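Here's the structure, in C-alpha cells; my notes come after.
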Amino acid sequence: MSLLVVGSVAYDSVSTSHGSREEALGGSATYFSVASSYFSEVNLVAVVGEDFRHTDRNTLLGHGIRLDGLETAKGKTFRWKGLYDTENVNNRETLDTQLNVFETFSPKLTDNQIKSDYLFLANIAPDLQLKVLEQMNTRPKLIALDTMNFWIDDHRSRLTDVIKEVDILFMDQDEIRSFTKVSNIFTAAKKVRELGPRIVVVKKGEHGVLVINEGDIFAAPAFPIVDVIDPTGAGDSFAGGFMGYIANSNNTSPESIRRATIVGTVMGSFAVQGFSIEKIQSLNNDEIDERFRGMVGITSFSALANEESLINFSVKQN
Ligand code: AMP
C-alpha cells in the first residue's frame, strides 16, 4: 500500500558527547523515509535549496524513496542546530532553526500522491501539514502526525486544527504535557483523543513508548542501547518503522498497531547508534529481524493461568 510523508529535509549540525557533525543530512521526513523504506515504498514531499547535495539525493534514491515530491527551490536548505547535554543525552537544546526554503514552500501533490493509502505528517509547519491534507483525494486509511515544541509553542491553534483531522498523534511526553497543559500522561492523552485522534503514541525516549488506542493500552520499553551516539531523529525513525510496517501489512487492528510499535522501537534504536542517518541507511533485513526478536525476548513473561494466583502465602497471626 502507498505511503506518503511530508516533513523536513534538512542539514543538521549536531554535537553530543560522542562528537559532532556539521551540516549532515537530517530532517523529519528524511529519517522517516529511510526507516520506512525497509518495509514499504515511500513518497517524500518536501523542499530543498539549490545547495542540496547530489550525494544526499542519491542516498535517498538508493533506498527506493520516491522523490517526485522533493522540490528544489531558490535559496538554502532548512538548517537545524542541536546540542546534547554531555551528562544526560535526553536533554537537548536547539541552538538554531533556519526554515529557509520552507518559508515559502507550498506542496503540490501529484495525481498519484493524492490517492495515497497511508499519510504521515512529519514534524513541519502545521500550515504545510494542512495543505497536504486538503489535497488528498479520498481520506487515507490512516493519517498520523508528529510535531515538536517549536510548533506547539508558536503555532498552537493551527496545530490543533491539524490534530483534529488525524487518526494517530505521535508526541513525546514533554510535548504532550506542554500541548495539553496537563501533567498526567493518561489525562493528557484523553484530552488529545477528545480532539479527534483515536490513537495517541507517547514517546518517552530511553524509557520506551506508551500507546493509547481506544480500549487498548500498550507499553513497550526502548531496546537497550548502551552507547547512544546521537538521539536526533529517533522519533522520526520510530514513526517510519511504525507506518512502514502498517502500510505494508495494510492492517490497522490493535494487534497490528502493537507490532508496529515494536517495529518503530527497533528502527528508533538503530537511529541513535549513529550520527545523522549513518546507521539506519545501511541495515540489512536480518539485523532488523534479530532486533525485533530481541524485543520479544525483553518484553515477554508468563501470564497467570486460569485459577492461578500469585498469592499463595498467608500472614501468620501471633
Ligand atoms: P527529532 O530528534 O525526532 O526531534 O528530530 C530531529 C529532526 O527534526 C532533525 O533532523 C531536524 O532537522 C528536524 N527539525 C528540527 N526542528 C524542526 C522544525 N521546527 N520543523 C521541522 N523539522 C525540524
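Ordering of the C-alpha cells sets the chain letters (A, B, ...), residue numbers begin anew at 1 in every chain, and ligands are numbered from 1 in the order given.
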All residues within 6 Å of ligand 1 are required, counting only C-alpha atoms and all ligand atoms; please report them as a ChimeraX atom specification.
/A:8,10,12,26-28,80,123-124,150,232-236
Those selected residues, please, written with N, CA and C atoms and delivered as a PDB file, in the first residue's frame.
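Just written: out-v3.pdb:
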```
ATOM      1  N   SER A   8      10.332  17.721   7.010  1.00  0.00           N
ATOM      2  CA  SER A   8      11.536  18.481   6.670  1.00  0.00           C
ATOM      3  C   SER A   8      12.630  17.575   6.105  1.00  0.00           C
ATOM      4  N   ALA A  10      16.661  18.297   5.833  1.00  0.00           N
ATOM      5  CA  ALA A  10      17.458  19.347   6.473  1.00  0.00           C
ATOM      6  C   ALA A  10      18.943  19.053   6.437  1.00  0.00           C
ATOM      7  N   ASP A  12      21.639  19.206   9.323  1.00  0.00           N
ATOM      8  CA  ASP A  12      21.720  19.311  10.779  1.00  0.00           C
ATOM      9  C   ASP A  12      23.168  19.456  11.237  1.00  0.00           C
ATOM     10  N   GLY A  26      19.662  15.410   7.463  1.00  0.00           N
ATOM     11  CA  GLY A  26      18.697  15.149   8.537  1.00  0.00           C
ATOM     12  C   GLY A  26      17.328  15.626   8.105  1.00  0.00           C
ATOM     13  N   GLY A  27      16.478  15.876   9.098  1.00  0.00           N
ATOM     14  CA  GLY A  27      15.113  16.316   8.819  1.00  0.00           C
ATOM     15  C   GLY A  27      14.142  15.194   9.113  1.00  0.00           C
ATOM     16  N   SER A  28      12.935  15.607   9.547  1.00  0.00           N
ATOM     17  CA  SER A  28      11.954  14.610   9.978  1.00  0.00           C
ATOM     18  C   SER A  28      11.573  13.664   8.836  1.00  0.00           C
ATOM     19  N   TRP A  80      19.154  23.043  10.931  1.00  0.00           N
ATOM     20  CA  TRP A  80      18.846  22.897  12.360  1.00  0.00           C
ATOM     21  C   TRP A  80      20.136  22.591  13.108  1.00  0.00           C
ATOM     22  N   ASN A 123       7.051  16.192  11.383  1.00  0.00           N
ATOM     23  CA  ASN A 123       7.290  17.480  12.017  1.00  0.00           C
ATOM     24  C   ASN A 123       7.667  18.557  10.995  1.00  0.00           C
ATOM     25  N   ILE A 124       6.768  19.504  10.834  1.00  0.00           N
ATOM     26  CA  ILE A 124       6.969  20.650   9.933  1.00  0.00           C
ATOM     27  C   ILE A 124       5.861  21.649  10.267  1.00  0.00           C
ATOM     28  N   PHE A 150       8.713  23.557  18.929  1.00  0.00           N
ATOM     29  CA  PHE A 150       8.814  24.737  18.066  1.00  0.00           C
ATOM     30  C   PHE A 150       7.421  25.150  17.551  1.00  0.00           C
ATOM     31  N   THR A 232      19.238  12.260  17.691  1.00  0.00           N
ATOM     32  CA  THR A 232      18.461  13.010  16.686  1.00  0.00           C
ATOM     33  C   THR A 232      17.758  12.050  15.725  1.00  0.00           C
ATOM     34  N   GLY A 233      16.484  12.311  15.516  1.00  0.00           N
ATOM     35  CA  GLY A 233      15.743  11.528  14.530  1.00  0.00           C
ATOM     36  C   GLY A 233      15.196  10.207  15.048  1.00  0.00           C
ATOM     37  N   ALA A 234      15.398   9.924  16.337  1.00  0.00           N
ATOM     38  CA  ALA A 234      14.889   8.650  16.863  1.00  0.00           C
ATOM     39  C   ALA A 234      13.365   8.593  16.730  1.00  0.00           C
ATOM     40  N   GLY A 235      12.711   9.711  17.036  1.00  0.00           N
ATOM     41  CA  GLY A 235      11.242   9.743  16.963  1.00  0.00           C
ATOM     42  C   GLY A 235      10.747   9.584  15.533  1.00  0.00           C
ATOM     43  N   ASP A 236      11.423  10.212  14.596  1.00  0.00           N
ATOM     44  CA  ASP A 236      11.006  10.120  13.189  1.00  0.00           C
ATOM     45  C   ASP A 236      11.279   8.716  12.647  1.00  0.00           C
TER      46      ASP A 236
END
```
Residues of segment 56-102 of chain A in strand (DSSP E) according to DSSP, as a list in words?
Arg66, Leu67, Asp68, Gly69, Leu70, Glu71, Thr72, Phe78, Arg79, Trp80, Lys81, Gly82, Leu83, Tyr84, Arg92, Glu93, Thr94, Leu95, Asp96, Thr97 and Gln98 of chain A
Could you jot down the atom CA of Glu134 of chain A to atom CA of Asp167 of chain A separation for me, Å, one decimal place?
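Atom CA of Asp167 of chain A lies 15.4 Å from atom CA of Glu134 of chain A.
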With only C-alpha atoms as the counted atoms, please give the residues lying no more than 9 Å from Ala125 of chain A, apart from itself and same-chain residues fewer than 2 positions off, as a ChimeraX atom specification.
/A:7,102,123,127-130,147,151,155,158-159
Output of the above residues as a JSON list (two decimals), in the first residue's frame, restricted to all heavy atoms:
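Everything below was put into again-v3.json:
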```
[["chain", "number", "residue", "atom", "x", "y", "z"],
["A", 7, "GLY", "N", 7.37, 16.49, 5.34],
["A", 7, "GLY", "CA", 8.14, 16.87, 6.54],
["A", 7, "GLY", "C", 9.38, 17.61, 6.10],
["A", 7, "GLY", "O", 9.48, 18.06, 4.95],
["A", 102, "PHE", "N", 11.71, 26.52, 3.29],
["A", 102, "PHE", "CA", 10.39, 26.12, 3.80],
["A", 102, "PHE", "C", 9.49, 27.33, 4.05],
["A", 102, "PHE", "O", 8.27, 27.18, 4.15],
["A", 102, "PHE", "CB", 10.52, 25.29, 5.09],
["A", 102, "PHE", "CG", 10.60, 23.82, 4.81],
["A", 102, "PHE", "CD1", 11.81, 23.16, 4.84],
["A", 102, "PHE", "CD2", 9.47, 23.10, 4.46],
["A", 102, "PHE", "CE1", 11.90, 21.81, 4.55],
["A", 102, "PHE", "CE2", 9.53, 21.76, 4.18],
["A", 102, "PHE", "CZ", 10.75, 21.10, 4.22],
["A", 123, "ASN", "N", 7.05, 16.19, 11.38],
["A", 123, "ASN", "CA", 7.29, 17.48, 12.02],
["A", 123, "ASN", "C", 7.67, 18.56, 10.99],
["A", 123, "ASN", "O", 8.73, 18.50, 10.38],
["A", 123, "ASN", "CB", 8.43, 17.25, 13.02],
["A", 123, "ASN", "CG", 8.89, 18.52, 13.66],
["A", 123, "ASN", "OD1", 8.12, 19.46, 13.82],
["A", 123, "ASN", "ND2", 10.16, 18.54, 14.04],
["A", 127, "ASP", "N", 0.76, 24.58, 8.93],
["A", 127, "ASP", "CA", 0.15, 25.08, 7.70],
["A", 127, "ASP", "C", 0.45, 24.16, 6.52],
["A", 127, "ASP", "O", -0.42, 23.91, 5.68],
["A", 127, "ASP", "CB", 0.69, 26.48, 7.37],
["A", 127, "ASP", "CG", -0.18, 27.55, 8.02],
["A", 127, "ASP", "OD1", -1.38, 27.27, 8.23],
["A", 127, "ASP", "OD2", 0.34, 28.64, 8.31],
["A", 128, "LEU", "N", 1.69, 23.68, 6.45],
["A", 128, "LEU", "CA", 2.07, 22.78, 5.35],
["A", 128, "LEU", "C", 1.39, 21.43, 5.51],
["A", 128, "LEU", "O", 0.96, 20.82, 4.52],
["A", 128, "LEU", "CB", 3.59, 22.60, 5.31],
["A", 128, "LEU", "CG", 4.41, 23.83, 4.94],
["A", 128, "LEU", "CD1", 5.89, 23.49, 4.87],
["A", 128, "LEU", "CD2", 3.94, 24.37, 3.60],
["A", 129, "GLN", "N", 1.30, 20.98, 6.76],
["A", 129, "GLN", "CA", 0.63, 19.70, 7.01],
["A", 129, "GLN", "C", -0.83, 19.79, 6.52],
["A", 129, "GLN", "O", -1.35, 18.89, 5.88],
["A", 129, "GLN", "CB", 0.68, 19.35, 8.50],
["A", 129, "GLN", "CG", 2.11, 19.11, 9.01],
["A", 129, "GLN", "CD", 2.16, 18.90, 10.51],
["A", 129, "GLN", "OE1", 1.47, 19.56, 11.28],
["A", 129, "GLN", "NE2", 3.02, 17.98, 10.95],
["A", 130, "LEU", "N", -1.47, 20.94, 6.82],
["A", 130, "LEU", "CA", -2.87, 21.14, 6.40],
["A", 130, "LEU", "C", -2.99, 21.20, 4.88],
["A", 130, "LEU", "O", -3.94, 20.64, 4.31],
["A", 130, "LEU", "CB", -3.41, 22.44, 6.98],
["A", 130, "LEU", "CG", -4.02, 22.34, 8.39],
["A", 130, "LEU", "CD1", -4.39, 23.73, 8.91],
["A", 130, "LEU", "CD2", -5.25, 21.44, 8.41],
["A", 147, "THR", "N", 4.97, 16.26, 15.72],
["A", 147, "THR", "CA", 5.29, 17.67, 15.79],
["A", 147, "THR", "C", 6.37, 17.89, 16.84],
["A", 147, "THR", "O", 6.93, 16.93, 17.38],
["A", 147, "THR", "CB", 4.02, 18.50, 16.07],
["A", 147, "THR", "OG1", 4.32, 19.88, 15.91],
["A", 147, "THR", "CG2", 3.48, 18.25, 17.48],
["A", 151, "TRP", "N", 6.62, 24.15, 17.14],
["A", 151, "TRP", "CA", 5.28, 24.43, 16.57],
["A", 151, "TRP", "C", 4.23, 24.51, 17.66],
["A", 151, "TRP", "O", 3.26, 25.28, 17.54],
["A", 151, "TRP", "CB", 4.92, 23.36, 15.53],
["A", 151, "TRP", "CG", 5.98, 23.21, 14.49],
["A", 151, "TRP", "CD1", 6.83, 22.15, 14.32],
["A", 151, "TRP", "CD2", 6.38, 24.19, 13.50],
["A", 151, "TRP", "NE1", 7.71, 22.40, 13.29],
["A", 151, "TRP", "CE2", 7.46, 23.64, 12.76],
["A", 151, "TRP", "CE3", 5.93, 25.47, 13.16],
["A", 151, "TRP", "CZ2", 8.09, 24.31, 11.72],
["A", 151, "TRP", "CZ3", 6.55, 26.14, 12.12],
["A", 151, "TRP", "CH2", 7.61, 25.57, 11.41],
["A", 155, "HIS", "N", 2.55, 27.97, 17.19],
["A", 155, "HIS", "CA", 1.51, 27.75, 16.16],
["A", 155, "HIS", "C", 0.42, 26.83, 16.71],
["A", 155, "HIS", "O", -0.11, 25.98, 16.00],
["A", 155, "HIS", "CB", 2.12, 27.12, 14.90],
["A", 155, "HIS", "CG", 3.13, 27.97, 14.21],
["A", 155, "HIS", "ND1", 4.37, 28.22, 14.74],
["A", 155, "HIS", "CD2", 3.08, 28.66, 13.05],
["A", 155, "HIS", "CE1", 5.05, 29.01, 13.91],
["A", 155, "HIS", "NE2", 4.29, 29.29, 12.90],
["A", 158, "ARG", "N", -3.13, 26.53, 14.79],
["A", 158, "ARG", "CA", -3.07, 25.81, 13.51],
["A", 158, "ARG", "C", -2.76, 24.34, 13.75],
["A", 158, "ARG", "O", -3.32, 23.45, 13.09],
["A", 158, "ARG", "CB", -1.99, 26.40, 12.59],
["A", 158, "ARG", "CG", -2.34, 27.73, 12.03],
["A", 158, "ARG", "CD", -3.65, 27.72, 11.28],
["A", 158, "ARG", "NE", -3.51, 27.50, 9.85],
["A", 158, "ARG", "CZ", -4.52, 27.22, 9.04],
["A", 158, "ARG", "NH1", -5.73, 27.10, 9.53],
["A", 158, "ARG", "NH2", -4.32, 27.05, 7.75],
["A", 159, "LEU", "N", -1.87, 24.08, 14.72],
["A", 159, "LEU", "CA", -1.52, 22.70, 15.04],
["A", 159, "LEU", "C", -2.77, 21.95, 15.53],
["A", 159, "LEU", "O", -3.01, 20.80, 15.14],
["A", 159, "LEU", "CB", -0.42, 22.69, 16.11],
["A", 159, "LEU", "CG", 0.04, 21.31, 16.58],
["A", 159, "LEU", "CD1", 0.65, 20.51, 15.42],
["A", 159, "LEU", "CD2", 1.08, 21.44, 17.70]]
```
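Atom CA of Glu290 of chain A is positioned 20.4 Å from atom CA of Ala219 of chain A.
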So that each row is one residue of segment 262-311 of chain A with an atom at most 10 Å from segment 38-56 of chain A, can you give its shortest atom pair and the distance in Å to one decimal, using only C-alpha atoms, rows by chain and rising number, as CSV?
```
residue,atom,partner,partner_atom,distance
A:Val263,CA,A:Phe39,CA,9.9
A:Met267,CA,A:Tyr38,CA,9.8
A:Ile280,CA,A:Tyr38,CA,9.7
A:Gln281,CA,A:Tyr38,CA,9.6
A:Leu283,CA,A:Tyr38,CA,8.7
A:Asn284,CA,A:Tyr38,CA,8.6
A:Asn285,CA,A:Tyr38,CA,7.7
A:Ile288,CA,A:Tyr38,CA,9.1
```
Using C-alpha atoms, can you export the residues from the last selection as a PDB file, in the first residue's frame?
```
ATOM      1  CA  VAL A 263       8.957  -2.238  14.679  1.00  0.00           C
ATOM      2  CA  MET A 267      14.110   1.441  13.988  1.00  0.00           C
ATOM      3  CA  ILE A 280      19.806   3.400   9.574  1.00  0.00           C
ATOM      4  CA  GLN A 281      20.933   3.777   5.989  1.00  0.00           C
ATOM      5  CA  LEU A 283      20.879  -2.037   7.790  1.00  0.00           C
ATOM      6  CA  ASN A 284      20.095  -5.463   6.469  1.00  0.00           C
ATOM      7  CA  ASN A 285      16.858  -7.370   6.928  1.00  0.00           C
ATOM      8  CA  ILE A 288      16.137  -5.761  11.798  1.00  0.00           C
TER       9      ILE A 288
END
```
Please measure the separation of atom CA of His18 of chain A and atom CA of Ser282 of chain A, giving the value in Å to one decimal.
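Computed distance, atom CA of His18 of chain A to atom CA of Ser282 of chain A, equals 20.0 Å.
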What residues in segment 247-316 of chain A get the DSSP label alpha helix (DSSP H)? Please answer as a PyMOL selection string.
chain A and resi 247-249+254-271+285-299
Keeping N, CA, C and O atoms, export the residues of the selection given above as a short mmCIF file (atom, residue, chain, number, x, y, z; two decimals), in the first residue's frame.
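See result08.cif below for the written result:
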```
data_model
loop_
_atom_site.label_atom_id
_atom_site.label_comp_id
_atom_site.auth_asym_id
_atom_site.auth_seq_id
_atom_site.Cartn_x
_atom_site.Cartn_y
_atom_site.Cartn_z
N ALA A 247 1.73 0.20 6.55
CA ALA A 247 1.43 0.33 5.12
C ALA A 247 1.65 -1.00 4.42
O ALA A 247 0.89 -1.39 3.53
N ASN A 248 2.69 -1.72 4.83
CA ASN A 248 2.98 -3.00 4.20
C ASN A 248 1.96 -4.07 4.57
O ASN A 248 1.52 -4.86 3.74
N SER A 249 1.54 -4.07 5.84
CA SER A 249 0.60 -5.12 6.27
C SER A 249 -0.84 -4.73 5.93
O SER A 249 -1.72 -5.58 5.90
N PRO A 254 -5.80 -3.47 16.49
CA PRO A 254 -4.99 -3.21 17.68
C PRO A 254 -3.73 -4.09 17.74
O PRO A 254 -2.66 -3.64 18.13
N GLU A 255 -3.84 -5.36 17.29
CA GLU A 255 -2.69 -6.26 17.33
C GLU A 255 -1.61 -5.77 16.36
O GLU A 255 -0.40 -5.80 16.68
N SER A 256 -2.03 -5.28 15.20
CA SER A 256 -1.08 -4.78 14.21
C SER A 256 -0.43 -3.48 14.72
O SER A 256 0.77 -3.25 14.51
N ILE A 257 -1.20 -2.65 15.41
CA ILE A 257 -0.65 -1.41 15.98
C ILE A 257 0.41 -1.76 17.03
O ILE A 257 1.46 -1.12 17.12
N ARG A 258 0.16 -2.81 17.81
CA ARG A 258 1.16 -3.24 18.81
C ARG A 258 2.45 -3.67 18.11
O ARG A 258 3.55 -3.31 18.52
N ARG A 259 2.32 -4.46 17.05
CA ARG A 259 3.50 -4.93 16.35
C ARG A 259 4.24 -3.75 15.70
O ARG A 259 5.46 -3.66 15.74
N ALA A 260 3.47 -2.84 15.13
CA ALA A 260 4.07 -1.65 14.50
C ALA A 260 4.85 -0.85 15.54
O ALA A 260 5.91 -0.27 15.24
N THR A 261 4.34 -0.82 16.76
CA THR A 261 5.03 -0.09 17.84
C THR A 261 6.40 -0.70 18.09
O THR A 261 7.39 0.01 18.30
N ILE A 262 6.47 -2.02 18.05
CA ILE A 262 7.76 -2.68 18.28
C ILE A 262 8.69 -2.47 17.08
O ILE A 262 9.89 -2.23 17.25
N VAL A 263 8.13 -2.51 15.87
CA VAL A 263 8.96 -2.24 14.68
C VAL A 263 9.51 -0.81 14.78
O VAL A 263 10.69 -0.55 14.52
N GLY A 264 8.67 0.13 15.20
CA GLY A 264 9.11 1.51 15.39
C GLY A 264 10.22 1.60 16.42
O GLY A 264 11.23 2.29 16.23
N THR A 265 10.05 0.88 17.52
CA THR A 265 11.05 0.87 18.58
C THR A 265 12.39 0.36 18.05
O THR A 265 13.46 0.91 18.35
N VAL A 266 12.32 -0.68 17.23
CA VAL A 266 13.54 -1.26 16.64
C VAL A 266 14.24 -0.21 15.76
O VAL A 266 15.45 0.03 15.88
N MET A 267 13.48 0.47 14.91
CA MET A 267 14.11 1.44 13.99
C MET A 267 14.64 2.66 14.75
O MET A 267 15.70 3.19 14.43
N GLY A 268 13.91 3.08 15.79
CA GLY A 268 14.39 4.19 16.62
C GLY A 268 15.69 3.83 17.31
O GLY A 268 16.61 4.66 17.43
N SER A 269 15.81 2.57 17.72
CA SER A 269 17.02 2.15 18.44
C SER A 269 18.24 2.13 17.51
O SER A 269 19.35 2.43 17.92
N PHE A 270 18.02 1.80 16.24
CA PHE A 270 19.14 1.86 15.29
C PHE A 270 19.54 3.31 15.05
O PHE A 270 20.73 3.63 14.93
N ALA A 271 18.54 4.20 14.97
CA ALA A 271 18.83 5.60 14.63
C ALA A 271 19.82 6.23 15.62
O ALA A 271 20.68 7.02 15.23
N ASN A 285 18.12 -6.84 6.39
CA ASN A 285 16.86 -7.37 6.93
C ASN A 285 17.09 -8.26 8.14
O ASN A 285 16.29 -8.26 9.09
N ASP A 286 18.19 -9.03 8.14
CA ASP A 286 18.45 -9.94 9.26
C ASP A 286 18.66 -9.17 10.57
O ASP A 286 18.19 -9.57 11.62
N GLU A 287 19.38 -8.05 10.47
CA GLU A 287 19.63 -7.25 11.69
C GLU A 287 18.31 -6.74 12.27
O GLU A 287 18.12 -6.68 13.48
N ILE A 288 17.42 -6.32 11.35
CA ILE A 288 16.14 -5.76 11.80
C ILE A 288 15.31 -6.87 12.46
O ILE A 288 14.77 -6.71 13.56
N ASP A 289 15.26 -8.04 11.80
CA ASP A 289 14.51 -9.17 12.37
C ASP A 289 15.09 -9.59 13.72
O ASP A 289 14.35 -9.89 14.66
N GLU A 290 16.41 -9.61 13.78
CA GLU A 290 17.05 -10.07 15.03
C GLU A 290 16.71 -9.12 16.20
O GLU A 290 16.41 -9.56 17.30
N ARG A 291 16.71 -7.83 15.91
CA ARG A 291 16.38 -6.88 16.99
C ARG A 291 14.90 -6.98 17.37
O ARG A 291 14.54 -6.83 18.54
N PHE A 292 14.05 -7.25 16.39
CA PHE A 292 12.62 -7.44 16.69
C PHE A 292 12.47 -8.65 17.63
O PHE A 292 11.74 -8.59 18.63
N ARG A 293 13.21 -9.73 17.31
CA ARG A 293 13.15 -10.91 18.19
C ARG A 293 13.67 -10.57 19.58
O ARG A 293 13.16 -11.04 20.59
N GLY A 294 14.69 -9.74 19.62
CA GLY A 294 15.23 -9.29 20.91
C GLY A 294 14.18 -8.57 21.72
O GLY A 294 14.09 -8.72 22.94
N MET A 295 13.36 -7.77 21.06
CA MET A 295 12.29 -7.04 21.74
C MET A 295 11.27 -8.01 22.34
O MET A 295 10.76 -7.79 23.43
N VAL A 296 10.97 -9.08 21.58
CA VAL A 296 10.04 -10.08 22.11
C VAL A 296 10.64 -10.66 23.38
O VAL A 296 9.97 -10.80 24.41
N GLY A 297 11.95 -10.94 23.32
CA GLY A 297 12.63 -11.51 24.48
C GLY A 297 12.53 -10.62 25.71
O GLY A 297 12.22 -11.10 26.80
N ILE A 298 12.74 -9.33 25.55
CA ILE A 298 12.77 -8.49 26.76
C ILE A 298 11.38 -8.06 27.23
O ILE A 298 11.25 -7.45 28.28
N THR A 299 10.35 -8.40 26.47
CA THR A 299 9.01 -7.98 26.92
C THR A 299 8.11 -9.15 27.30
O THR A 299 7.03 -8.93 27.82
#
```
Give me the residues within 9 Å of Arg156 of chain A as a list in words, counting only C-alpha atoms and dropping any in the same chain fewer than 5 places off.
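So, after excluding close chain neighbours, the residues are Pro126, Trp151, Asp161 and Phe179 of chain A.
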For the residues in the current selection, export N, CA, C and O atoms as a PDB file, in the first residue's frame.
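Below is the file again_25.pdb, written as the result:
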```pdb
ATOM      1  N   PRO A 126       2.535  23.406  10.761  1.00  0.00           N
ATOM      2  CA  PRO A 126       1.162  22.889  10.666  1.00  0.00           C
ATOM      3  C   PRO A 126       0.442  23.370   9.406  1.00  0.00           C
ATOM      4  O   PRO A 126      -0.366  22.641   8.837  1.00  0.00           O
ATOM      5  N   TRP A 151       6.617  24.155  17.136  1.00  0.00           N
ATOM      6  CA  TRP A 151       5.283  24.431  16.567  1.00  0.00           C
ATOM      7  C   TRP A 151       4.232  24.512  17.665  1.00  0.00           C
ATOM      8  O   TRP A 151       3.264  25.276  17.542  1.00  0.00           O
ATOM      9  N   ASP A 161      -5.788  22.553  14.687  1.00  0.00           N
ATOM     10  CA  ASP A 161      -6.623  22.286  13.502  1.00  0.00           C
ATOM     11  C   ASP A 161      -6.188  20.998  12.805  1.00  0.00           C
ATOM     12  O   ASP A 161      -7.026  20.232  12.342  1.00  0.00           O
ATOM     13  N   PHE A 179       1.471  20.651  25.273  1.00  0.00           N
ATOM     14  CA  PHE A 179       0.330  20.925  24.385  1.00  0.00           C
ATOM     15  C   PHE A 179      -0.991  20.950  25.162  1.00  0.00           C
ATOM     16  O   PHE A 179      -1.838  21.820  24.941  1.00  0.00           O
TER      17      PHE A 179
END
```
Let me make sure I understand: among A:Gly62, A:Pro197, A:Pro140, A:Gly75, which one has the smallest atom-to-atom distance to Ile163 of chain A if we use only C-alpha atoms?
A:Pro197
Leaving out Thr180 of chain A and any residue of its chain fewer than 4 positions from it, which residues lie within 9 Å of it when counting only C-alpha atoms, given as a PyMOL selection string?
chain A and resi 175-176+188-189+191-192
For C-alpha atoms, I'd like the residues from the last selection saved as a PDB file, in the first residue's frame.
```
ATOM      1  CA  GLU A 175       5.391  17.842  24.205  1.00  0.00           C
ATOM      2  CA  ILE A 176       2.028  16.298  25.094  1.00  0.00           C
ATOM      3  CA  ALA A 188      -3.203  14.362  28.578  1.00  0.00           C
ATOM      4  CA  ALA A 189      -3.819  11.550  26.067  1.00  0.00           C
ATOM      5  CA  LYS A 191      -7.618  15.374  26.141  1.00  0.00           C
ATOM      6  CA  VAL A 192      -5.942  14.758  22.780  1.00  0.00           C
TER       7      VAL A 192
END
```
Hey, what's within 7 Å of Leu99 of chain A if we count only C-alpha atoms and toss same-chain stuff fewer than 2 positions away? As an MDAnalysis selection string, please?
chainID A and resid 78:79 97 101:103
